[in-house]
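Coordinates as given in entry06.pdb (PDB, C-alpha atoms, pLDDT in the B column):
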MODEL        1
ATOM      1  CA  MET A   1     104.777 122.559 120.655  1.00 43.00           C
ATOM      2  CA  SER A   2     102.039 121.666 118.153  1.00 52.00           C
ATOM      3  CA  THR A   3      99.777 124.206 116.545  1.00 54.00           C
ATOM      4  CA  VAL A   4      96.020 123.777 116.409  1.00 47.00           C
ATOM      5  CA  THR A   5      94.526 123.657 112.913  1.00 59.00           C
ATOM      6  CA  PRO A   6      90.913 124.551 112.064  1.00 60.00           C
ATOM      7  CA  LEU A   7      90.155 120.845 111.572  1.00 68.00           C
ATOM      8  CA  ASP A   8      91.380 119.820 115.011  1.00 83.00           C
ATOM      9  CA  VAL A   9      88.876 118.659 117.589  1.00 90.00           C
ATOM     10  CA  LEU A  10      89.633 119.992 121.048  1.00 92.00           C
ATOM     11  CA  CYS A  11      88.722 118.100 124.176  1.00 92.00           C
ATOM     12  CA  PRO A  12      86.005 120.111 125.936  1.00 93.00           C
ATOM     13  CA  LEU A  13      87.466 119.072 129.303  1.00 93.00           C
ATOM     14  CA  CYS A  14      91.204 119.624 128.744  1.00 91.00           C
ATOM     15  CA  LYS A  15      91.285 121.855 125.647  1.00 92.00           C
ATOM     16  CA  VAL A  16      93.952 119.514 124.226  1.00 92.00           C
ATOM     17  CA  PRO A  17      93.781 118.578 120.513  1.00 92.00           C
ATOM     18  CA  ALA A  18      92.248 115.122 120.205  1.00 91.00           C
ATOM     19  CA  ASP A  19      94.009 112.112 118.764  1.00 86.00           C
ATOM     20  CA  ARG A  20      92.498 111.584 115.282  1.00 83.00           C
ATOM     21  CA  GLN A  21      93.318 107.899 115.178  1.00 88.00           C
ATOM     22  CA  ALA A  22      92.031 107.032 118.652  1.00 88.00           C
ATOM     23  CA  LEU A  23      89.131 109.542 118.485  1.00 89.00           C
ATOM     24  CA  GLY A  24      89.871 110.511 122.041  1.00 91.00           C
ATOM     25  CA  CYS A  25      91.728 112.929 124.235  1.00 93.00           C
ATOM     26  CA  PRO A  26      95.369 111.978 124.767  1.00 93.00           C
ATOM     27  CA  SER A  27      95.336 113.764 128.121  1.00 93.00           C
ATOM     28  CA  CYS A  28      92.176 112.670 129.946  1.00 93.00           C
ATOM     29  CA  ARG A  29      91.191 109.743 127.642  1.00 92.00           C
ATOM     30  CA  GLU A  30      87.675 111.153 127.067  1.00 93.00           C
ATOM     31  CA  ASP A  31      85.849 109.554 124.106  1.00 94.00           C
ATOM     32  CA  LEU A  32      85.442 112.304 121.509  1.00 93.00           C
ATOM     33  CA  SER A  33      84.062 110.261 118.623  1.00 92.00           C
ATOM     34  CA  ALA A  34      80.767 112.207 118.624  1.00 93.00           C
ATOM     35  CA  LEU A  35      82.673 115.490 118.307  1.00 92.00           C
ATOM     36  CA  PHE A  36      84.669 114.071 115.395  1.00 90.00           C
ATOM     37  CA  ARG A  37      81.424 113.042 113.686  1.00 91.00           C
ATOM     38  CA  LEU A  38      80.064 116.564 114.063  1.00 90.00           C
ATOM     39  CA  ARG A  39      83.306 118.211 112.941  1.00 88.00           C
ATOM     40  CA  TYR A  40      83.648 116.041 109.841  1.00 90.00           C
ATOM     41  CA  ALA A  41      79.932 115.695 108.991  1.00 94.00           C
ATOM     42  CA  GLY A  42      80.318 117.583 105.718  1.00 95.00           C
ATOM     43  CA  ARG A  43      83.176 115.392 104.537  1.00 94.00           C
ATOM     44  CA  ILE A  44      81.359 112.233 105.593  1.00 95.00           C
ATOM     45  CA  ASP A  45      78.244 113.293 103.667  1.00 97.00           C
ATOM     46  CA  TYR A  46      80.371 114.204 100.632  1.00 97.00           C
ATOM     47  CA  ASN A  47      81.936 110.735 100.586  1.00 96.00           C
ATOM     48  CA  ARG A  48      78.522 109.125 100.995  1.00 97.00           C
ATOM     49  CA  ALA A  49      77.270 111.230  98.069  1.00 97.00           C
ATOM     50  CA  LEU A  50      80.101 109.869  95.914  1.00 96.00           C
ATOM     51  CA  ASP A  51      79.050 106.342  96.891  1.00 97.00           C
ATOM     52  CA  ALA A  52      75.416 107.151  96.054  1.00 96.00           C
ATOM     53  CA  LEU A  53      76.431 108.489  92.640  1.00 95.00           C
ATOM     54  CA  ALA A  54      78.481 105.389  91.945  1.00 95.00           C
ATOM     55  CA  ALA A  55      75.418 103.302  92.831  1.00 95.00           C
ATOM     56  CA  GLY A  56      73.257 105.388  90.492  1.00 93.00           C
ATOM     57  CA  ASP A  57      71.195 107.113  93.188  1.00 94.00           C
ATOM     58  CA  GLY A  58      71.354 110.738  92.081  1.00 92.00           C
ATOM     59  CA  ALA A  59      68.546 111.921  94.346  1.00 93.00           C
ATOM     60  CA  LEU A  60      70.293 110.633  97.458  1.00 95.00           C
ATOM     61  CA  ALA A  61      73.585 112.124  96.262  1.00 95.00           C
ATOM     62  CA  LEU A  62      71.984 115.549  95.817  1.00 95.00           C
ATOM     63  CA  GLY A  63      70.529 115.445  99.317  1.00 95.00           C
ATOM     64  CA  LEU A  64      73.845 114.418 100.829  1.00 96.00           C
ATOM     65  CA  LEU A  65      75.706 117.128  98.920  1.00 96.00           C
ATOM     66  CA  HIS A  66      73.274 119.776 100.169  1.00 96.00           C
ATOM     67  CA  ARG A  67      73.888 118.552 103.731  1.00 96.00           C
ATOM     68  CA  ALA A  68      77.663 118.504 103.170  1.00 96.00           C
ATOM     69  CA  VAL A  69      77.691 122.104 101.968  1.00 96.00           C
ATOM     70  CA  ALA A  70      75.411 123.202 104.813  1.00 95.00           C
ATOM     71  CA  ALA A  71      77.677 121.541 107.379  1.00 94.00           C
ATOM     72  CA  GLU A  72      80.916 122.821 105.834  1.00 92.00           C
ATOM     73  CA  PRO A  73      80.371 125.718 103.406  1.00 92.00           C
ATOM     74  CA  GLY A  74      84.057 125.843 102.475  1.00 92.00           C
ATOM     75  CA  LEU A  75      84.163 122.236 101.255  1.00 94.00           C
ATOM     76  CA  GLU A  76      84.936 123.059  97.622  1.00 95.00           C
ATOM     77  CA  PRO A  77      84.717 119.528  96.129  1.00 95.00           C
ATOM     78  CA  ALA A  78      81.177 119.191  97.498  1.00 95.00           C
ATOM     79  CA  ARG A  79      80.199 122.659  96.246  1.00 95.00           C
ATOM     80  CA  GLU A  80      81.615 121.971  92.791  1.00 95.00           C
ATOM     81  CA  LEU A  81      79.943 118.585  92.474  1.00 95.00           C
ATOM     82  CA  LEU A  82      76.621 119.974  93.707  1.00 94.00           C
ATOM     83  CA  GLU A  83      76.842 122.806  91.188  1.00 93.00           C
ATOM     84  CA  SER A  84      77.742 120.344  88.443  1.00 91.00           C
ATOM     85  CA  LEU A  85      74.772 118.128  89.248  1.00 90.00           C
ATOM     86  CA  THR A  86      72.422 121.066  89.524  1.00 86.00           C
ATOM     87  CA  VAL A  87      73.542 122.618  86.225  1.00 85.00           C
ATOM     88  CA  SER A  88      73.682 119.393  84.242  1.00 77.00           C
ATOM     89  CA  GLY A  89      70.614 117.851  85.829  1.00 72.00           C
ATOM     90  CA  SER A  90      72.270 114.495  85.456  1.00 55.00           C
ATOM     91  CA  ALA A  91      73.595 112.823  88.578  1.00 48.00           C
ATOM     92  CA  ARG A  92      74.720 109.795  86.594  1.00 48.00           C
ATOM     93  CA  SER A  93      77.007 111.740  84.247  1.00 50.00           C
ATOM     94  CA  ALA A  94      78.596 113.442  87.263  1.00 48.00           C
ATOM     95  CA  ALA A  95      79.298 110.041  88.784  1.00 50.00           C
ATOM     96  CA  ASP A  96      81.053 109.015  85.577  1.00 53.00           C
ATOM     97  CA  ARG A  97      83.149 112.212  85.605  1.00 51.00           C
ATOM     98  CA  GLU A  98      84.013 111.689  89.268  1.00 53.00           C
ATOM     99  CA  GLN A  99      85.206 108.154  88.549  1.00 53.00           C
ATOM    100  CA  ARG A 100      87.469 109.406  85.750  1.00 50.00           C
ATOM    101  CA  ASP A 101      88.860 112.190  87.950  1.00 53.00           C
ATOM    102  CA  THR A 102      89.679 109.887  90.851  1.00 50.00           C
ATOM    103  CA  PRO A 103      93.246 108.538  90.685  1.00 46.00           C
ATOM    104  CA  SER A 104      93.521 104.804  91.069  1.00 44.00           C
ATOM    105  CA  GLU A 105      95.991 103.081  93.318  1.00 40.00           C
TER     106      GLU A 105
ENDMDL
END
Could I get this structure in the form of structure tokens?
Amino acid sequence: MSTVTPLDVLCPLCKVPADRQALGCPSCREDLSALFRLRYAGRIDYNRALDALAAGDGALALGLLHRAVAAEPGLEPARELLESLTVSGSARSAADREQRDTPSE
């Protein structure tokens, strides 16, 4: 028997945890991709903010980080990066730090 984690998306019809890879319900086959998008909106915006910083668009990154924190207040990497950008006032230097902190494959 599997346990439900806070990040699981439950099918509104069956109440079964959705399949993360198929983005659907394994029981009734309902498409749950919209629910996944809502559930992970903060993480999606955080990743888009990292892309914006890498591209040198600090203003866009700040907006995306604000949305990420609003959607998922407990998303610590987004909170920390937002605080760093706000304190330093330099989105570009934060992008450089983020690149150094990211392990390469």
Selection dump of the PyMOL selection byres ((chain A and resi 65) around 10), as a PyMOL selection string: chain A and resi 42-43+45-50+59-64+66-71+77-83+85
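Counting from atom CA of Leu10 of chain A, the distance to atom CA of Pro26 of chain A is 10.5 Å.
Compared by their closest atoms to Asp31 of chain A, and using all atoms listed in the file, the residues A:Ile44, A:Val16, A:Cys11, A:Ala54 rank with A:Cys11 nearest.
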Exercise for the section: Compile the contact shell of Ala22 of chain A as a PyMOL selection string: residues with an atom at most 9 Å away, counting only C-alpha atoms, same-chain residues fewer than 3 positions apart removed. Expected result: chain A and resi 18-19+25-26+31-33
Saved selection, atoms kept: C-alpha atoms, as a PDB file, in the coordinates of the input:
ATOM      1  CA  ALA A  18      92.248 115.122 120.205  1.00 91.00           C
ATOM      2  CA  ASP A  19      94.009 112.112 118.764  1.00 86.00           C
ATOM      3  CA  CYS A  25      91.728 112.929 124.235  1.00 93.00           C
ATOM      4  CA  PRO A  26      95.369 111.978 124.767  1.00 93.00           C
ATOM      5  CA  ASP A  31      85.849 109.554 124.106  1.00 94.00           C
ATOM      6  CA  LEU A  32      85.442 112.304 121.509  1.00 93.00           C
ATOM      7  CA  SER A  33      84.062 110.261 118.623  1.00 92.00           C
TER       8      SER A  33
END
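Atom to atom, atom CA of Phe36 of chain A and atom CA of Asp51 of chain A stand 20.8 Å apart.
What separates atom CA of Pro17 of chain A from atom CA of Ala41 of chain A is a distance of 18.2 Å.
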Arg39 of chain A: which residues within 9 Å, counting all atoms listed in the file, same-chain residues fewer than 6 positions away excluded, as a list in words?
-> Leu7, Asp8, Val9, Ala71 and Glu72 of chain A
Report the centre and edge lengths, in Å to one decimal, of an axis-aligned box enclosing every atom of segment 25-38 of chain A listed in the file, padded by 6 Å on each side, as AutoDock Vina command-line options.
--center_x 87.7 --center_y 113.1 --center_z 121.8 --size_x 27.3 --size_y 19.0 --size_z 28.3
Your completed segment 49-79 of chain A with N, CA and C atoms, as a tab-separated table (two decimals), in the frame of the given file:
chain	number	residue	atom	x	y	z
A	49	ALA	N	77.87	110.79	99.33
A	49	ALA	CA	77.27	111.23	98.07
A	49	ALA	C	78.01	110.61	96.89
A	50	LEU	N	79.33	110.53	96.98
A	50	LEU	CA	80.10	109.87	95.91
A	50	LEU	C	79.70	108.41	95.78
A	51	ASP	N	79.50	107.74	96.92
A	51	ASP	CA	79.05	106.34	96.89
A	51	ASP	C	77.66	106.23	96.27
A	52	ALA	N	76.77	107.17	96.60
A	52	ALA	CA	75.42	107.15	96.05
A	52	ALA	C	75.46	107.36	94.54
A	53	LEU	N	76.30	108.27	94.08
A	53	LEU	CA	76.43	108.49	92.64
A	53	LEU	C	76.95	107.25	91.94
A	54	ALA	N	77.93	106.61	92.54
A	54	ALA	CA	78.48	105.39	91.94
A	54	ALA	C	77.42	104.29	91.87
A	55	ALA	N	76.49	104.29	92.82
A	55	ALA	CA	75.42	103.30	92.83
A	55	ALA	C	74.24	103.73	91.96
A	56	GLY	N	74.32	104.92	91.37
A	56	GLY	CA	73.26	105.39	90.49
A	56	GLY	C	72.10	106.09	91.18
A	57	ASP	N	72.26	106.45	92.44
A	57	ASP	CA	71.19	107.11	93.19
A	57	ASP	C	71.46	108.61	93.24
A	58	GLY	N	71.11	109.31	92.18
A	58	GLY	CA	71.35	110.74	92.08
A	58	GLY	C	70.58	111.56	93.08
A	59	ALA	N	69.36	111.17	93.39
A	59	ALA	CA	68.55	111.92	94.35
A	59	ALA	C	69.17	111.90	95.74
A	60	LEU	N	69.63	110.74	96.16
A	60	LEU	CA	70.29	110.63	97.46
A	60	LEU	C	71.57	111.45	97.45
A	61	ALA	N	72.33	111.37	96.37
A	61	ALA	CA	73.58	112.12	96.26
A	61	ALA	C	73.33	113.62	96.39
A	62	LEU	N	72.30	114.12	95.72
A	62	LEU	CA	71.98	115.55	95.82
A	62	LEU	C	71.66	115.95	97.25
A	63	GLY	N	70.86	115.14	97.93
A	63	GLY	CA	70.53	115.44	99.32
A	63	GLY	C	71.75	115.46	100.21
A	64	LEU	N	72.62	114.49	100.03
A	64	LEU	CA	73.84	114.42	100.83
A	64	LEU	C	74.78	115.59	100.53
A	65	LEU	N	74.86	115.99	99.28
A	65	LEU	CA	75.71	117.13	98.92
A	65	LEU	C	75.17	118.42	99.51
A	66	HIS	N	73.86	118.59	99.52
A	66	HIS	CA	73.27	119.78	100.17
A	66	HIS	C	73.63	119.79	101.65
A	67	ARG	N	73.53	118.63	102.30
A	67	ARG	CA	73.89	118.55	103.73
A	67	ARG	C	75.37	118.82	103.94
A	68	ALA	N	76.22	118.31	103.05
A	68	ALA	CA	77.66	118.50	103.17
A	68	ALA	C	78.01	119.98	103.09
A	69	VAL	N	77.41	120.68	102.14
A	69	VAL	CA	77.69	122.10	101.97
A	69	VAL	C	77.12	122.91	103.14
A	70	ALA	N	75.98	122.51	103.65
A	70	ALA	CA	75.41	123.20	104.81
A	70	ALA	C	76.29	123.01	106.05
A	71	ALA	N	76.84	121.82	106.21
A	71	ALA	CA	77.68	121.54	107.38
A	71	ALA	C	79.05	122.19	107.27
A	72	GLU	N	79.58	122.27	106.04
A	72	GLU	CA	80.92	122.82	105.83
A	72	GLU	C	80.92	123.63	104.53
A	73	PRO	N	80.50	124.90	104.61
A	73	PRO	CA	80.37	125.72	103.41
A	73	PRO	C	81.65	125.86	102.58
A	74	GLY	N	82.79	125.71	103.19
A	74	GLY	CA	84.06	125.84	102.48
A	74	GLY	C	84.55	124.57	101.82
A	75	LEU	N	83.76	123.52	101.83
A	75	LEU	CA	84.16	122.24	101.26
A	75	LEU	C	83.98	122.30	99.73
A	76	GLU	N	85.01	122.78	99.05
A	76	GLU	CA	84.94	123.06	97.62
A	76	GLU	C	84.57	121.85	96.76
A	77	PRO	N	85.12	120.65	96.98
A	77	PRO	CA	84.72	119.53	96.13
A	77	PRO	C	83.21	119.26	96.19
A	78	ALA	N	82.62	119.41	97.36
A	78	ALA	CA	81.18	119.19	97.50
A	78	ALA	C	80.40	120.29	96.78
A	79	ARG	N	80.86	121.53	96.92
A	79	ARG	CA	80.20	122.66	96.25
A	79	ARG	C	80.26	122.49	94.73
